[in-house]
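Before any comments, here is the structure.
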Amino acid sequence: MRLHVLGSGAGGGFPQWNCNCHNCDGLRKGTIRATARTQSSITVTGDNENWVLFNASPDILTQFQQFPELQPARALRDTAVKAIVLIDGQIDHTTGLYMLREHRQPHEIWCTPPVQEDLTQGNPLFRLLGHYCGVNWNALPIDESVFEMKHVPNLRFHAHHLRSNAPPYSPRRDKPVPGDNIGVTIEDTKTGRKIYYAPGLVDIEPHVWAAMQAADVVLVDGTFWTDDEMIALGASKKYARDMGHLPQTGENGMMAWLDKLPKTTRKILIHINNTNPILNEDSAQRRELESRGIEVAYDGMDITV
Ligand code: MLT
Ligand code: MN
Ligand code: ZN
């Protein structure tokens, strides 16, 4: 199977339009070595022809332009995207659906019931799309039961709940329910190889750890380096963990967990916030990741598993 990173940044992207943190300002002025990143999305194929999109980022049109394989041009109006999985209902993962409203048929969308509810009520995106192409909602199971998608050969999927947070606009903010955030294992049915994708999680629960251990490649929450990153900058009063993101450092931080995976597992951080020092390619923090064999996802990263 093949995975392409369309957007490796967290909400806001990098640089963020109104941000003048060391990274954002440094990238604009060319005073640090770093690469711009669009907001959080990946796409996966099992046959190099039919693709599943994971998340619809606000930057989706630029991302599609950067990756022409999603546009095979077999008909006047056409797409290689056969299904769309929404990992949560956050703005950075859903807003791109507005930009796909010209589709000739309803989008095949896979998300959990709480996410479907948020996208029908708090942010009535699905209802609005009903006036354009429409949405065919597929309830995404979070009990690890295997599911397959129509017109997506050679791939199967299973998913589970993750501890994180519901979107700020959701009535369940700070009191999330199972299904507000998920992790997904994507399996190549021909080779048995697996990718685990979880861009937002705060706790490596036993079922999460089991999925990480079973995968050949893990693409996991790389939002923040420290728990107090936003507080220390004066950018927010919230800890990374309050926002539903496990920081890389600290006791039981993401690096400590990734260190425990086998050497053969490819370990990649994704959904990286613009404040995270790992975005600066000359930083000590980036060196530290490199010494541990942990990669930092970038837009355009292409992985064949
Ligand atoms: C998050 O995952 O917490 C988001 O990136 C927040 C956002 O979309 O602004
Ligand atoms: Mn996000
Ligand atoms: Zn910034």
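A note on labels: chains of the structure tokens are A, B, ... as shown, every chain counts residues from 1, and ligands are counted from 1 in their shown order.
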Give as number ranges by chain the residues surrounding ligand 2 up to a distance of 6 Å, considering only C-alpha atoms and all ligand atoms. A: 10-11, 92
Take the residues from that selection and put them in a file with C-alpha atoms, as a CSV table (one decimal), in the first residue's frame.
```
chain,number,residue,atom,x,y,z
A,10,ALA,CA,-1.9,20.9,13.1
A,11,GLY,CA,-4.7,23.4,13.1
A,92,ASP,CA,-8.6,21.4,10.6
```
Spatial neighbours of Thr62 of chain A, max dist 12 Å, only C-alpha atoms, sep filter under 2 positions, as a VMD selection string: chain A and resid 6 to 7 37 to 39 41 56 to 60 64 to 68 70 96 99 299 to 300
Residue with smallest distance to Leu201 of chain A - pool A:Thr95, A:Asn136, A:Thr223, A:Asn274, counting only C-alpha atoms: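 Under the stated criterion, the closest residue is A:Thr223.
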My list of candidates is A:Arg77, A:Arg2, A:His131, A:Lys150. Which is closest to Ile109 of chain A when distances are computed with only C-alpha atoms? A:Lys150
Among listed residues A:Cys19, A:Leu128, A:Ala73, A:Val202, nearest His245 of chain A (using only C-alpha atoms):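 The shortest atom-to-atom distance to His245 of chain A comes from A:Val202.
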